[in-house]
Amino acid sequence: MINVFAAAPQGVQPAPHEIRMLAAGHQVAVREVSLAGVRDKEGLMLAFLSGLGLTQSFGRNWDALYDVLTDPEQISGRFALVLRDYDTFRQRQRRLAAELEGVLLDAQQSAQEQGRMLWLLTEEPDADTRHW
């Protein structure tokens with residue numbers, strides 16, 4: 001089992017199998033954002049609103065997303081953001097995915113500068129369940 005939590009977060013990485021069990025052993029909070037079916041920025045912001053359990057007051061823009069991910073009152077000091085269906089999203093929405101990745105990497109860097117850890121992990125559906 002790959003232990004991504006043994007080192008400082010570094011970019012966007014594939015999520016290890018049994019992510020929740022591994023995260024619990026390292027006291028890392030985990031939230032998942034499903035990107036399945038996201039076709040535009042509004043849909044992307046709604047996916048983050050739902051996945052991160054944000055309130056309707058969430059600004060639904062890049063600055064608001066960055067602020068949430070770098071706010072120690074909203075996100076724990078050891079936090080893993082799991083992006084489900086990320087590879088499919090990147091293939092279908094290249095420009096939007098590039099903008100998202102820029103915001104996520106900036107937030108990750110800012111978190112590290114604050115002495116916090118923000119892991120950015122991707123997870124794809126199992127091949128066996130993808131077509132059901």
# chains A, B, ... in the order shown; residues from 1 in each chain; ligands from 1
$ residues_around --residues "range 11-13 of chain A" --least-positions-apart "2" --cutoff "10 Å" --atoms "only C-alpha atoms" --output "PyMOL selection string"
chain A and resi 4+8-9+15-16+81-83+101+104-106+108-109+118-123
$ write_last_selection --atoms "N, CA and C atoms" --output "PDB file, in the first residue's frame"
ATOM      1  N   VAL A   4       0.857   7.885   0.823  1.00  0.00           N
ATOM      2  CA  VAL A   4       1.047   9.272   0.411  1.00  0.00           C
ATOM      3  C   VAL A   4       1.149  10.206   1.605  1.00  0.00           C
ATOM      4  N   ALA A   8       5.271  15.091   2.679  1.00  0.00           N
ATOM      5  CA  ALA A   8       4.523  16.327   2.449  1.00  0.00           C
ATOM      6  C   ALA A   8       3.764  16.228   1.129  1.00  0.00           C
ATOM      7  N   PRO A   9       2.595  16.838   1.049  1.00  0.00           N
ATOM      8  CA  PRO A   9       1.828  16.830  -0.196  1.00  0.00           C
ATOM      9  C   PRO A   9       2.631  17.444  -1.341  1.00  0.00           C
ATOM     10  N   ALA A  15      -4.894   8.571  -5.598  1.00  0.00           N
ATOM     11  CA  ALA A  15      -5.249   8.159  -4.237  1.00  0.00           C
ATOM     12  C   ALA A  15      -4.865   6.702  -4.030  1.00  0.00           C
ATOM     13  N   PRO A  16      -4.349   6.376  -2.871  1.00  0.00           N
ATOM     14  CA  PRO A  16      -4.033   4.966  -2.585  1.00  0.00           C
ATOM     15  C   PRO A  16      -5.321   4.178  -2.349  1.00  0.00           C
ATOM     16  N   LEU A  81      -8.074  16.009  -0.152  1.00  0.00           N
ATOM     17  CA  LEU A  81      -9.176  16.260  -1.072  1.00  0.00           C
ATOM     18  C   LEU A  81      -9.097  15.210  -2.175  1.00  0.00           C
ATOM     19  N   VAL A  82     -10.101  14.353  -2.245  1.00  0.00           N
ATOM     20  CA  VAL A  82     -10.126  13.286  -3.240  1.00  0.00           C
ATOM     21  C   VAL A  82     -11.044  13.719  -4.377  1.00  0.00           C
ATOM     22  N   LEU A  83     -10.477  13.812  -5.554  1.00  0.00           N
ATOM     23  CA  LEU A  83     -11.221  14.203  -6.747  1.00  0.00           C
ATOM     24  C   LEU A  83     -11.596  12.939  -7.511  1.00  0.00           C
ATOM     25  N   GLU A 101      -6.871  23.005 -11.551  1.00  0.00           N
ATOM     26  CA  GLU A 101      -5.589  22.519 -11.048  1.00  0.00           C
ATOM     27  C   GLU A 101      -4.711  23.671 -10.562  1.00  0.00           C
ATOM     28  N   LEU A 104      -6.029  24.652  -7.153  1.00  0.00           N
ATOM     29  CA  LEU A 104      -5.716  23.621  -6.155  1.00  0.00           C
ATOM     30  C   LEU A 104      -4.244  23.632  -5.776  1.00  0.00           C
ATOM     31  N   LEU A 105      -3.372  23.761  -6.764  1.00  0.00           N
ATOM     32  CA  LEU A 105      -1.935  23.771  -6.473  1.00  0.00           C
ATOM     33  C   LEU A 105      -1.534  25.028  -5.702  1.00  0.00           C
ATOM     34  N   ASP A 106      -2.143  26.157  -6.021  1.00  0.00           N
ATOM     35  CA  ASP A 106      -1.884  27.384  -5.252  1.00  0.00           C
ATOM     36  C   ASP A 106      -2.340  27.220  -3.808  1.00  0.00           C
ATOM     37  N   GLN A 108      -2.615  24.393  -2.188  1.00  0.00           N
ATOM     38  CA  GLN A 108      -1.712  23.439  -1.555  1.00  0.00           C
ATOM     39  C   GLN A 108      -0.435  24.140  -1.091  1.00  0.00           C
ATOM     40  N   GLN A 109       0.109  24.987  -1.942  1.00  0.00           N
ATOM     41  CA  GLN A 109       1.323  25.729  -1.599  1.00  0.00           C
ATOM     42  C   GLN A 109       1.064  26.661  -0.420  1.00  0.00           C
ATOM     43  N   LEU A 118      -2.226  19.773   2.707  1.00  0.00           N
ATOM     44  CA  LEU A 118      -3.373  19.595   1.824  1.00  0.00           C
ATOM     45  C   LEU A 118      -2.962  18.648   0.701  1.00  0.00           C
ATOM     46  N   TRP A 119      -3.437  17.403   0.805  1.00  0.00           N
ATOM     47  CA  TRP A 119      -3.154  16.424  -0.237  1.00  0.00           C
ATOM     48  C   TRP A 119      -4.243  16.516  -1.299  1.00  0.00           C
ATOM     49  N   LEU A 120      -3.848  16.496  -2.550  1.00  0.00           N
ATOM     50  CA  LEU A 120      -4.758  16.521  -3.689  1.00  0.00           C
ATOM     51  C   LEU A 120      -4.663  15.157  -4.369  1.00  0.00           C
ATOM     52  N   LEU A 121      -5.711  14.371  -4.235  1.00  0.00           N
ATOM     53  CA  LEU A 121      -5.671  12.985  -4.693  1.00  0.00           C
ATOM     54  C   LEU A 121      -6.769  12.726  -5.717  1.00  0.00           C
ATOM     55  N   THR A 122      -6.472  11.883  -6.687  1.00  0.00           N
ATOM     56  CA  THR A 122      -7.462  11.532  -7.701  1.00  0.00           C
ATOM     57  C   THR A 122      -7.850  10.072  -7.558  1.00  0.00           C
ATOM     58  N   GLU A 123      -9.093   9.800  -7.888  1.00  0.00           N
ATOM     59  CA  GLU A 123      -9.592   8.436  -7.800  1.00  0.00           C
ATOM     60  C   GLU A 123     -10.569   8.213  -8.944  1.00  0.00           C
TER      61      GLU A 123
END
$ residues_around --residues "Arg20 in chain A" --least-positions-apart "2" --cutoff "12 Å" --atoms "only C-alpha atoms" --output "list in words"
Asn3, Phe5, Ala15, Pro16, His17, Glu18, Leu22, Ala23, Ala24, Gly25, His26, Gln27, Val28, Ala29, Val30, Arg31, Glu32, Phe79, Ala80, Leu81 and Val82 of chain A
$ residues_around --residues "Tyr66 in chain A" --least-positions-apart "5" --cutoff "12 Å" --atoms "only C-alpha atoms" --output "JSON list (two decimals) with N, CA and C atoms, in the first residue's frame"
[["chain", "number", "residue", "atom", "x", "y", "z"],
["A", 45, "MET", "N", -18.40, 24.10, -9.43],
["A", 45, "MET", "CA", -18.55, 24.76, -8.13],
["A", 45, "MET", "C", -19.62, 24.07, -7.30],
["A", 48, "PHE", "N", -18.07, 21.03, -5.70],
["A", 48, "PHE", "CA", -17.29, 21.37, -4.51],
["A", 48, "PHE", "C", -18.20, 21.77, -3.35],
["A", 58, "PHE", "N", -21.32, 29.97, -0.21],
["A", 58, "PHE", "CA", -20.08, 29.76, -0.95],
["A", 58, "PHE", "C", -20.16, 30.53, -2.27],
["A", 59, "GLY", "N", -19.13, 31.32, -2.57],
["A", 59, "GLY", "CA", -19.13, 32.24, -3.70],
["A", 59, "GLY", "C", -19.15, 31.62, -5.08],
["A", 60, "ARG", "N", -18.86, 30.34, -5.21],
["A", 60, "ARG", "CA", -18.89, 29.63, -6.48],
["A", 60, "ARG", "C", -18.00, 30.26, -7.54],
["A", 61, "ASN", "N", -16.79, 30.66, -7.12],
["A", 61, "ASN", "CA", -15.79, 31.16, -8.06],
["A", 61, "ASN", "C", -14.42, 30.70, -7.58],
["A", 71, "ASP", "N", -8.43, 28.17, 4.38],
["A", 71, "ASP", "CA", -8.95, 28.68, 5.65],
["A", 71, "ASP", "C", -8.86, 27.60, 6.72],
["A", 72, "PRO", "N", -7.99, 27.79, 7.73],
["A", 72, "PRO", "CA", -7.83, 26.77, 8.77],
["A", 72, "PRO", "C", -9.10, 26.55, 9.60],
["A", 74, "GLN", "N", -12.04, 26.25, 8.20],
["A", 74, "GLN", "CA", -12.94, 25.43, 7.40],
["A", 74, "GLN", "C", -12.33, 24.07, 7.04],
["A", 75, "ILE", "N", -11.02, 24.05, 6.88],
["A", 75, "ILE", "CA", -10.32, 22.82, 6.47],
["A", 75, "ILE", "C", -9.26, 22.50, 7.52],
["A", 99, "GLU", "N", -7.62, 25.30, -15.14],
["A", 99, "GLU", "CA", -7.90, 26.39, -14.19],
["A", 99, "GLU", "C", -8.06, 25.83, -12.78],
["A", 100, "LEU", "N", -8.81, 24.74, -12.66],
["A", 100, "LEU", "CA", -9.01, 24.10, -11.36],
["A", 100, "LEU", "C", -7.69, 23.67, -10.76],
["A", 101, "GLU", "N", -6.87, 23.01, -11.55],
["A", 101, "GLU", "CA", -5.59, 22.52, -11.05],
["A", 101, "GLU", "C", -4.71, 23.67, -10.56],
["A", 102, "GLY", "N", -4.73, 24.80, -11.27],
["A", 102, "GLY", "CA", -3.97, 25.97, -10.83],
["A", 102, "GLY", "C", -4.42, 26.45, -9.46],
["A", 103, "VAL", "N", -5.72, 26.51, -9.24],
["A", 103, "VAL", "CA", -6.26, 26.94, -7.94],
["A", 103, "VAL", "C", -5.88, 25.93, -6.86],
["A", 104, "LEU", "N", -6.03, 24.65, -7.15],
["A", 104, "LEU", "CA", -5.72, 23.62, -6.15],
["A", 104, "LEU", "C", -4.24, 23.63, -5.78],
["A", 105, "LEU", "N", -3.37, 23.76, -6.76],
["A", 105, "LEU", "CA", -1.94, 23.77, -6.47],
["A", 105, "LEU", "C", -1.53, 25.03, -5.70],
["A", 106, "ASP", "N", -2.14, 26.16, -6.02],
["A", 106, "ASP", "CA", -1.88, 27.38, -5.25],
["A", 106, "ASP", "C", -2.34, 27.22, -3.81],
["A", 107, "ALA", "N", -3.50, 26.61, -3.62],
["A", 107, "ALA", "CA", -4.02, 26.37, -2.26],
["A", 107, "ALA", "C", -3.11, 25.42, -1.50],
["A", 108, "GLN", "N", -2.61, 24.39, -2.19],
["A", 108, "GLN", "CA", -1.71, 23.44, -1.56],
["A", 108, "GLN", "C", -0.43, 24.14, -1.09],
["A", 109, "GLN", "N", 0.11, 24.99, -1.94],
["A", 109, "GLN", "CA", 1.32, 25.73, -1.60],
["A", 109, "GLN", "C", 1.06, 26.66, -0.42],
["A", 110, "SER", "N", -0.04, 27.36, -0.43],
["A", 110, "SER", "CA", -0.39, 28.28, 0.65],
["A", 110, "SER", "C", -0.56, 27.52, 1.97],
["A", 111, "ALA", "N", -1.22, 26.37, 1.90],
["A", 111, "ALA", "CA", -1.40, 25.56, 3.10],
["A", 111, "ALA", "C", -0.05, 25.16, 3.69],
["A", 118, "LEU", "N", -2.23, 19.77, 2.71],
["A", 118, "LEU", "CA", -3.37, 19.60, 1.82],
["A", 118, "LEU", "C", -2.96, 18.65, 0.70]]
$ atom_distance --atom1 "CA of Asp67 in chain A" --atom2 "CA of Leu49 in chain A"
13.0 Å
$ select_by_dssp --residues "range 6-129 of chain A" --states "strand (DSSP E)" --output "NGL selection string"
:A and (12-14 or 29-34 or 78-84 or 117-123)
$ write_last_selection --atoms "N, CA and C atoms" --output "mmCIF file, in the first residue's frame"
data_model
loop_
_atom_site.group_PDB
_atom_site.id
_atom_site.type_symbol
_atom_site.label_atom_id
_atom_site.label_comp_id
_atom_site.auth_asym_id
_atom_site.auth_seq_id
_atom_site.Cartn_x
_atom_site.Cartn_y
_atom_site.Cartn_z
ATOM 1 N N VAL A 12 -0.800 16.932 -7.583
ATOM 2 C CA VAL A 12 -1.959 16.055 -7.659
ATOM 3 C C VAL A 12 -1.446 14.634 -7.840
ATOM 4 N N GLN A 13 -1.897 13.729 -6.960
ATOM 5 C CA GLN A 13 -1.406 12.347 -6.961
ATOM 6 C C GLN A 13 -2.570 11.368 -6.987
ATOM 7 N N PRO A 14 -2.344 10.154 -7.490
ATOM 8 C CA PRO A 14 -3.388 9.140 -7.401
ATOM 9 C C PRO A 14 -3.646 8.769 -5.939
ATOM 10 N N ALA A 29 -8.059 14.260 7.648
ATOM 11 C CA ALA A 29 -9.472 14.348 7.278
ATOM 12 C C ALA A 29 -9.580 14.165 5.762
ATOM 13 N N VAL A 30 -10.634 13.489 5.318
ATOM 14 C CA VAL A 30 -10.815 13.204 3.894
ATOM 15 C C VAL A 30 -12.198 13.674 3.456
ATOM 16 N N ARG A 31 -12.225 14.368 2.330
ATOM 17 C CA ARG A 31 -13.495 14.732 1.688
ATOM 18 C C ARG A 31 -13.366 14.399 0.216
ATOM 19 N N GLU A 32 -14.467 13.966 -0.376
ATOM 20 C CA GLU A 32 -14.482 13.594 -1.786
ATOM 21 C C GLU A 32 -15.357 14.550 -2.580
ATOM 22 N N VAL A 33 -14.868 14.909 -3.753
ATOM 23 C CA VAL A 33 -15.637 15.722 -4.690
ATOM 24 C C VAL A 33 -15.758 14.922 -5.974
ATOM 25 N N SER A 34 -16.991 14.626 -6.366
ATOM 26 C CA SER A 34 -17.217 13.872 -7.592
ATOM 27 C C SER A 34 -17.308 14.830 -8.774
ATOM 28 N N ARG A 78 -4.589 18.827 8.440
ATOM 29 C CA ARG A 78 -4.155 17.651 7.681
ATOM 30 C C ARG A 78 -5.380 17.162 6.921
ATOM 31 N N PHE A 79 -5.417 17.531 5.638
ATOM 32 C CA PHE A 79 -6.636 17.349 4.862
ATOM 33 C C PHE A 79 -6.335 16.757 3.493
ATOM 34 N N ALA A 80 -7.113 15.749 3.108
ATOM 35 C CA ALA A 80 -6.982 15.139 1.785
ATOM 36 C C ALA A 80 -8.251 15.413 0.990
ATOM 37 N N LEU A 81 -8.074 16.009 -0.152
ATOM 38 C CA LEU A 81 -9.176 16.260 -1.072
ATOM 39 C C LEU A 81 -9.097 15.210 -2.175
ATOM 40 N N VAL A 82 -10.101 14.353 -2.245
ATOM 41 C CA VAL A 82 -10.126 13.286 -3.240
ATOM 42 C C VAL A 82 -11.044 13.719 -4.377
ATOM 43 N N LEU A 83 -10.477 13.812 -5.554
ATOM 44 C CA LEU A 83 -11.221 14.203 -6.747
ATOM 45 C C LEU A 83 -11.596 12.939 -7.511
ATOM 46 N N ARG A 84 -12.872 12.583 -7.445
ATOM 47 C CA ARG A 84 -13.343 11.379 -8.134
ATOM 48 C C ARG A 84 -13.630 11.690 -9.599
ATOM 49 N N MET A 117 -1.171 20.724 5.867
ATOM 50 C CA MET A 117 -0.997 19.746 4.797
ATOM 51 C C MET A 117 -2.302 19.594 4.019
ATOM 52 N N LEU A 118 -2.226 19.773 2.707
ATOM 53 C CA LEU A 118 -3.373 19.595 1.824
ATOM 54 C C LEU A 118 -2.962 18.648 0.701
ATOM 55 N N TRP A 119 -3.437 17.403 0.805
ATOM 56 C CA TRP A 119 -3.154 16.424 -0.237
ATOM 57 C C TRP A 119 -4.243 16.516 -1.299
ATOM 58 N N LEU A 120 -3.848 16.496 -2.550
ATOM 59 C CA LEU A 120 -4.758 16.521 -3.689
ATOM 60 C C LEU A 120 -4.663 15.157 -4.369
ATOM 61 N N LEU A 121 -5.711 14.371 -4.235
ATOM 62 C CA LEU A 121 -5.671 12.985 -4.693
ATOM 63 C C LEU A 121 -6.769 12.726 -5.717
ATOM 64 N N THR A 122 -6.472 11.883 -6.687
ATOM 65 C CA THR A 122 -7.462 11.532 -7.701
ATOM 66 C C THR A 122 -7.850 10.072 -7.558
ATOM 67 N N GLU A 123 -9.093 9.800 -7.888
ATOM 68 C CA GLU A 123 -9.592 8.436 -7.800
ATOM 69 C C GLU A 123 -10.569 8.213 -8.944
#
$ atom_distance --atom1 "CA of Arg94 in chain A" --atom2 "CA of Ser50 in chain A"
22.2 Å
$ residues_around --residues "Gln91 in chain A" --least-positions-apart "6" --cutoff "12 Å" --atoms "only C-alpha atoms" --output "ChimeraX atom specification"
/A:35-36,38-39,85,97-98
$ select_by_dssp --residues "chain A" --states "helix (DSSP H, G or I)" --output "count of residues only"
57
